[in-house]
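Have a look at work_23.txt; it's compact mmCIF, C-alpha atoms and all ligand atoms:
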```txt
# COMPACT_ATOMS: atom_id res chain seq x y z
CA MET V 524 87.17 107.72 104.38
CA LEU V 525 87.75 105.49 101.37
CA GLU V 526 85.25 103.88 99.03
CA VAL V 527 86.47 101.74 96.15
CA HIS V 528 83.80 100.74 93.61
CA ASP V 529 84.14 98.19 90.86
CA LEU V 530 87.80 98.98 90.23
CA THR V 531 89.25 97.29 87.14
CA VAL V 532 92.83 97.56 85.83
CA ARG V 533 94.15 95.72 82.78
CA PHE V 534 97.73 95.42 81.55
CA GLY V 535 97.39 94.12 77.99
CA GLY V 536 95.79 90.70 78.36
CA ILE V 537 96.21 90.58 82.17
CA THR V 538 93.37 91.74 84.40
CA ALA V 539 95.25 92.86 87.53
CA LEU V 540 92.08 94.11 89.27
CA ASP V 541 88.66 92.86 88.35
CA GLY V 542 85.68 94.80 89.75
CA VAL V 543 87.17 95.26 93.25
CA GLY V 544 85.06 97.14 95.81
CA PHE V 545 85.41 97.87 99.54
CA ARG V 546 85.17 100.64 102.13
CA VAL V 547 87.60 101.76 104.81
CA GLU V 548 86.38 103.75 107.81
CA ARG V 549 88.47 106.49 109.43
CA GLY V 550 90.85 105.09 112.04
CA GLU V 551 90.66 101.47 110.81
CA MET V 552 93.68 99.25 110.21
CA VAL V 553 92.85 97.05 107.21
CA GLY V 554 94.99 94.16 105.95
CA LEU V 555 95.17 93.43 102.23
CA ILE V 556 96.28 89.88 101.58
CA GLY V 557 96.42 87.49 98.66
CA PRO V 558 98.90 85.27 96.82
CA ASN V 559 101.60 86.69 94.52
CA GLY V 560 100.11 88.52 91.55
CA ALA V 561 96.70 88.94 93.24
CA GLY V 562 96.65 92.69 92.48
CA LYS V 563 97.58 94.19 95.88
CA THR V 564 100.35 96.49 94.62
CA THR V 565 98.23 97.50 91.63
CA LEU V 566 95.50 98.57 94.07
CA PHE V 567 98.02 100.68 96.04
CA ASN V 568 99.24 102.16 92.75
CA CYS V 569 95.65 103.18 91.90
CA LEU V 570 95.19 104.77 95.35
CA THR V 571 98.34 106.85 94.82
CA ARG V 572 97.51 107.52 91.13
CA ARG V 573 100.62 105.75 89.87
CA CYS V 574 98.40 103.51 87.83
CA ALA V 575 95.34 104.37 85.72
CA ALA V 576 92.09 102.51 86.31
CA GLY V 577 90.27 101.07 83.29
CA ALA V 578 86.94 101.29 85.10
CA GLY V 579 85.52 102.02 88.54
CA ARG V 580 85.58 104.79 91.10
CA ILE V 581 87.58 105.67 94.19
CA GLY V 582 86.05 108.10 96.66
CA TYR V 583 88.40 109.57 99.29
CA SER V 584 86.98 111.90 101.95
CA GLY V 585 84.23 112.94 99.56
CA ARG V 586 86.59 113.47 96.58
CA ASP V 587 86.85 111.57 93.31
CA LEU V 588 90.40 110.30 93.76
CA LEU V 589 90.76 109.18 90.13
CA ALA V 590 90.40 112.83 89.07
CA VAL V 591 93.28 113.93 91.35
CA PRO V 592 96.68 114.37 89.64
CA PRO V 593 99.46 112.14 91.09
CA HIS V 594 101.47 115.09 92.47
CA ALA V 595 98.48 116.18 94.60
CA ILE V 596 98.14 112.83 96.42
CA ALA V 597 100.55 113.67 99.27
CA GLY V 598 98.77 117.00 99.80
CA LEU V 599 95.51 115.09 100.32
CA GLY V 600 97.09 113.18 103.19
CA ILE V 601 97.86 109.86 101.48
CA ALA V 602 101.34 108.42 102.09
CA ARG V 603 102.84 105.04 101.25
CA THR V 604 105.86 102.92 101.85
CA PHE V 605 107.45 100.66 99.23
CA GLN V 606 108.09 96.91 99.17
CA ASN V 607 111.75 97.42 98.26
CA LEU V 608 112.35 100.58 100.32
CA GLY V 609 112.40 103.93 98.55
CA LEU V 610 115.17 105.54 100.63
CA PHE V 611 118.08 107.66 99.38
CA PRO V 612 121.15 105.67 100.50
CA ARG V 613 123.63 108.58 100.80
CA MET V 614 121.29 110.89 102.67
CA SER V 615 121.09 110.73 106.45
CA VAL V 616 118.10 109.13 108.14
CA ARG V 617 116.89 112.62 109.20
CA GLU V 618 117.18 113.95 105.63
CA ASN V 619 115.28 110.94 104.29
CA VAL V 620 112.50 111.62 106.78
CA MET V 621 112.50 115.36 105.91
CA VAL V 622 111.90 114.40 102.27
CA GLY V 623 108.64 112.83 103.45
CA ALA V 624 107.48 116.18 104.83
CA HIS V 625 108.58 118.31 101.88
CA HIS V 626 105.06 118.96 100.60
CA HIS V 627 104.37 120.88 103.83
CA GLY V 628 107.06 123.35 102.76
CA ARG V 629 105.92 126.48 100.95
CA ALA V 630 109.19 127.71 99.50
CA GLY V 631 109.40 127.77 95.71
CA PHE V 632 112.52 126.98 93.70
CA LEU V 633 113.81 130.57 93.62
CA THR V 634 113.25 131.43 97.29
CA ALA V 635 114.78 128.09 98.31
CA SER V 636 117.85 128.71 96.09
CA LEU V 637 118.37 132.15 97.63
CA ARG V 638 118.04 130.67 101.13
CA LEU V 639 116.01 133.61 102.38
CA PRO V 640 115.31 133.76 106.16
CA ALA V 641 111.77 132.41 105.64
CA VAL V 642 113.25 129.35 103.92
CA ARG V 643 115.70 128.76 106.76
CA ARG V 644 112.85 129.02 109.28
CA GLU V 645 110.80 126.56 107.27
CA GLU V 646 113.72 124.13 107.07
CA ALA V 647 114.18 124.36 110.84
CA ARG V 648 110.48 123.55 111.30
CA LEU V 649 110.63 120.53 108.95
CA ARG V 650 113.74 119.37 110.78
CA ALA V 651 112.02 119.65 114.16
CA GLU V 652 109.03 117.70 112.81
CA ALA V 653 111.32 115.02 111.40
CA ASP V 654 113.11 114.77 114.76
CA GLU V 655 109.77 114.30 116.53
CA VAL V 656 108.85 111.40 114.20
CA LEU V 657 112.32 109.90 114.67
CA ARG V 658 111.86 110.09 118.43
CA ARG V 659 108.48 108.35 118.27
CA LEU V 660 109.93 105.54 116.16
CA GLU V 661 113.03 105.25 118.35
CA LEU V 662 115.38 106.28 115.54
CA THR V 663 117.00 109.32 117.18
CA GLY V 664 120.26 107.40 117.67
CA VAL V 665 120.70 106.93 113.90
CA ALA V 666 119.33 110.33 112.77
CA ASP V 667 122.70 111.50 111.36
CA HIS V 668 123.69 108.14 109.92
CA PRO V 669 123.44 107.67 106.13
CA ALA V 670 120.67 105.23 105.22
CA ALA V 671 123.27 103.01 103.51
CA GLY V 672 124.81 100.52 105.90
CA LEU V 673 122.01 100.44 108.47
CA PRO V 674 120.43 97.08 109.34
CA PHE V 675 117.41 96.16 107.22
CA GLY V 676 115.05 96.21 110.23
CA THR V 677 116.09 99.81 110.98
CA LEU V 678 115.59 100.82 107.35
CA LYS V 679 112.04 99.45 107.44
CA ARG V 680 111.34 101.74 110.41
CA VAL V 681 112.97 104.69 108.59
CA GLU V 682 110.64 103.99 105.66
CA LEU V 683 107.68 104.17 108.08
CA ALA V 684 109.09 107.36 109.64
CA ARG V 685 109.35 109.01 106.24
CA ALA V 686 105.73 108.18 105.43
CA MET V 687 104.63 109.46 108.89
CA ALA V 688 106.53 112.73 108.38
CA ALA V 689 103.98 113.55 105.70
CA ARG V 690 101.39 113.59 108.54
CA PRO V 691 99.12 111.31 106.53
CA ALA V 692 95.45 110.68 107.15
CA LEU V 693 95.70 107.46 105.12
CA LEU V 694 98.86 105.39 105.31
CA LEU V 695 99.50 102.61 102.78
CA LEU V 696 102.14 100.10 103.88
CA ASP V 697 103.49 97.70 101.26
CA GLU V 698 104.97 94.59 102.92
CA PRO V 699 106.41 96.48 105.93
CA VAL V 700 107.70 93.39 107.74
CA ASN V 701 108.95 91.41 104.75
CA GLY V 702 112.49 90.23 105.54
CA LEU V 703 112.35 91.02 109.27
CA SER V 704 113.16 88.50 112.01
CA SER V 705 110.22 87.36 114.15
CA ALA V 706 111.40 89.58 117.04
CA GLU V 707 111.55 92.56 114.66
CA VAL V 708 108.06 91.75 113.32
CA GLY V 709 106.70 91.91 116.89
CA GLU V 710 108.48 95.24 117.52
CA PHE V 711 107.21 96.70 114.25
CA ALA V 712 103.65 95.63 115.12
CA ASP V 713 103.92 97.38 118.53
CA THR V 714 105.33 100.55 116.91
CA LEU V 715 102.61 100.60 114.26
CA ARG V 716 99.83 100.17 116.82
CA ALA V 717 101.28 102.98 118.94
CA VAL V 718 101.67 105.32 115.95
CA ARG V 719 98.14 104.56 114.76
CA ASP V 720 96.66 105.27 118.20
CA ASP V 721 98.74 108.42 118.78
CA LEU V 722 98.25 110.00 115.41
CA GLU V 723 94.83 108.59 114.55
CA VAL V 724 95.96 107.52 111.12
CA THR V 725 93.94 105.13 108.92
CA VAL V 726 96.11 102.27 107.66
CA ILE V 727 95.90 99.79 104.79
CA VAL V 728 98.67 97.22 104.95
CA VAL V 729 99.68 94.70 102.28
CA GLU V 730 101.56 91.86 103.92
CA HIS V 731 102.24 88.15 103.41
CA HIS V 732 103.18 87.62 107.08
CA MET V 733 99.88 86.22 108.39
CA GLY V 734 100.81 86.45 112.08
CA PHE V 735 101.46 90.17 111.67
CA VAL V 736 98.25 90.80 109.67
CA MET V 737 96.09 88.81 112.06
CA GLY V 738 97.70 90.56 115.07
CA VAL V 739 97.40 94.19 114.00
CA CYS V 740 94.45 94.45 111.60
CA ASP V 741 90.82 95.16 112.51
CA ARG V 742 89.65 93.79 109.20
CA VAL V 743 91.18 91.81 106.35
CA ILE V 744 90.44 91.82 102.60
CA CYS V 745 91.74 88.96 100.45
CA LEU V 746 92.36 89.30 96.71
CA ASP V 747 93.01 86.47 94.28
CA PHE V 748 93.58 86.93 90.52
CA GLY V 749 92.39 90.53 90.83
CA ARG V 750 89.10 89.68 92.55
CA LYS V 751 88.04 90.20 96.15
CA ILE V 752 87.38 86.70 97.48
CA ALA V 753 86.92 87.44 101.19
CA GLU V 754 86.52 90.30 103.65
CA GLY V 755 85.92 90.35 107.38
CA PRO V 756 87.51 90.03 110.81
CA PRO V 757 91.00 88.46 110.67
CA GLU V 758 90.03 85.18 112.34
CA GLU V 759 87.08 84.72 109.94
CA VAL V 760 89.11 85.43 106.79
CA GLN V 761 91.87 83.11 107.98
CA ARG V 762 89.35 80.24 108.16
CA ASP V 763 87.58 81.09 104.90
CA PRO V 764 87.80 78.07 102.54
CA ALA V 765 88.24 80.32 99.47
CA VAL V 766 91.23 82.02 101.15
CA ILE V 767 92.80 78.70 102.12
CA GLU V 768 92.31 77.43 98.57
CA ALA V 769 93.86 80.60 97.08
CA TYR V 770 96.98 80.13 99.20
CA LEU V 771 97.32 76.36 99.05
CA GLY V 772 95.88 75.77 95.61
CA THR V 773 93.52 73.03 96.82
CA PRO V 774 89.96 73.16 98.15
CA ALA V 775 89.88 73.24 101.97
N1 LIG V 801 103.12 97.33 84.91
C1 LIG V 801 102.63 96.12 84.66
N2 LIG V 801 102.60 95.61 83.41
C2 LIG V 801 102.10 94.39 83.15
N3 LIG V 801 101.58 93.58 84.08
C3 LIG V 801 101.58 94.02 85.35
C4 LIG V 801 102.10 95.31 85.71
N4 LIG V 801 101.96 95.46 87.05
C5 LIG V 801 101.38 94.34 87.53
N5 LIG V 801 101.16 93.48 86.50
C6 LIG V 801 100.50 92.17 86.60
O1 LIG V 801 99.29 92.38 87.28
C7 LIG V 801 99.04 91.31 88.18
C8 LIG V 801 98.90 91.84 89.61
O2 LIG V 801 100.19 92.28 90.05
P1 LIG V 801 100.45 92.97 91.46
O3 LIG V 801 101.91 93.34 91.48
O4 LIG V 801 99.46 94.04 91.67
O5 LIG V 801 100.18 91.76 92.45
P2 LIG V 801 100.53 91.64 94.02
O6 LIG V 801 99.32 91.06 94.64
O7 LIG V 801 101.02 92.93 94.52
O8 LIG V 801 101.69 90.57 94.01
P3 LIG V 801 102.98 90.41 95.02
O9 LIG V 801 102.42 89.86 96.29
O10 LIG V 801 103.84 89.43 94.28
O11 LIG V 801 103.60 91.77 95.16
C9 LIG V 801 100.19 90.30 88.01
O12 LIG V 801 99.77 89.32 87.09
C10 LIG V 801 101.29 91.17 87.44
O13 LIG V 801 102.15 90.39 86.65
```
Before we go any further, please render this structure as structure tokens.
Amino acid sequence: MLEVHDLTVRFGGITALDGVGFRVERGEMVGLIGPNGAGKTTLFNCLTRRCAAGAGRIGYSGRDLLAVPPHAIAGLGIARTFQNLGLFPRMSVRENVMVGAHHHGRAGFLTASLRLPAVRREEARLRAEADEVLRRLELTGVADHPAAGLPFGTLKRVELARAMAARPALLLLDEPVNGLSSAEVGEFADTLRAVRDDLEVTVIVVEHHMGFVMGVCDRVICLDFGRKIAEGPPEEVQRDPAVIEAYLGTPA
């Protein structure tokens, strides 16, 4: 589904990604780990075309992703969540989730402004889809609540619901369990596994919480200073001396 070749990104004198390459097969759940500043978010930004690559290639379902304009990314089935939540605080949970599905809507600016019957039908369909995602993620009880004021653990699930409303083929999760209690981390892991199995979505997850990564991922890739230093099954990567050194700063 995804093939990254020799991807390099520089910001002035900083090389955020340095010749990174890997593949992701359809249906896999891949963990992307590495210390702060390793280049994980930059990689996500390249996959969603928020960041230009200096060199390299990204193939996605047979397409050259680097030639795709940023606004077309959602239409290709790539959705992401954000480290610091990208929700609209005054909008209800349902409305936030409907925003995630907006690219499935066909109404243009004029038809939407006139609220023609076709537009109302489309809105009803997006609403029904949003409600289905909310049900799956056990958020029906807060559907009409504004995002502001909800507990952080709930907002993290709303963020996931919004990304799922886009019906993605490839889901990019940026630190989805950061700031959650250990009970909430376990619940989120269960939800994610269920959603992945139900909807057959391919997932790449950036996360510092090792227990979560090791528990949910089929494969783990570790970056350090923009380079890939390890890749393999979670238990192997966890024991890799280069990974231990990257995290602890001393040879294992
Ligand atoms: N827009 C930017 N301008 C300049 N430097 C940047 C920019 N974005 C990222 N960097 C630098 O690129 C490097 C990689 O950053 P990135 O945010 O991708 O790392 P990360 O692995 O996601 O880190 P964290 O775990 O802290 O989120 C860092 O040295 C960072 O300071």
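Distance check against Ser704 (chain V) using all atoms listed in the file: of V:Lys679, V:Glu646, V:Pro593, V:Val760, the minimum falls on V:Lys679.
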Selected residue of minimal separation from Phe735 (chain V) among V:Gly676, V:Gly554, V:Gly535, V:Pro612, counting only C-alpha atoms: V:Gly554
CA of Leu693 (chain V) to CA of Gly550 (chain V), distance in Å rounded to a single decimal: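 Taking CA of Leu693 (chain V) as the start and CA of Gly550 (chain V) as the end point, the length is 8.8 Å.
Comparing V:Leu599, V:Val728, V:Val616, V:Val681 by their smallest distance to ligand LIG 801 (chain V), the closest is V:Val728 (using all atoms listed in the file).
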Residue with smallest distance to Leu555 (chain V) - pool V:Met687, V:Glu730, V:Ala597, V:Leu678, counting all atoms listed in the file: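 Of all the options, V:Glu730 lies closest to Leu555 (chain V).
Using all atoms listed in the file for every distance, the candidate list V:Arg685, V:Arg719, V:Arg586, V:Arg762 yields V:Arg719 as the residue closest to Met552 (chain V).
Using only C-alpha atoms, the nearest neighbour of Asn559 (chain V) within the list V:Ile727, V:Ala575, V:Ala539, V:Ile601 is V:Ala539.
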Coordinates-based distance that separates CA of Cys740 (chain V) from atom N1 of ligand LIG 801 (chain V) (Å, one decimal): 28.2 Å
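Going from CA of Phe675 (chain V) to CA of Gly702 (chain V) covers 7.9 Å.
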Contacts of Ala576 (chain V) at 7 Å (only C-alpha atoms; same-chain gap of 4+ positions) as a PyMOL selection string: chain V and resi 530-532+569
Just the selected residues (C-alpha atoms), exported as a PDB file, in the frame of the given file, please.
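Saved result, selection.pdb, follows:
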```pdb
ATOM      1  CA  LEU V 530      87.800  98.980  90.230  1.00  0.00           C
ATOM      2  CA  THR V 531      89.250  97.290  87.140  1.00  0.00           C
ATOM      3  CA  VAL V 532      92.830  97.560  85.830  1.00  0.00           C
ATOM      4  CA  CYS V 569      95.650 103.180  91.900  1.00  0.00           C
TER       5      CYS V 569
END
```
Ligand LIG 801 (chain V) neighbours within 12 Å using all atoms listed in the file, as number ranges by chain: V: 531-541, 555-569, 573-575, 605-607, 696-698, 701, 728-732, 744-751, 770
Asp587 (chain V) environment, 12 Å, all atoms listed in the file, sequence neighbours closer than 2 positions dropped, as a ChimeraX atom specification: /V:524-528,570,572,579-585,589-592,596,599
Selection as an MDAnalysis selection string: residues within 10 Å of (113.2, 112.9, 115.4), counting all atoms listed in the file: chainID V and resid 616:617 620:621 650:666 684 688
Residues near Ser615 (chain V), cut-off 7 Å, only C-alpha atoms, skip fewer than 4 positions along chain, as a ChimeraX atom specification: /V:619,666-670
Nearby residues (only C-alpha atoms) at most 7 Å from Glu551 (chain V), same-chain spacing under 4 positions excluded, as a list in words: Val547, Thr725, Val726 and Asp741 of chain V
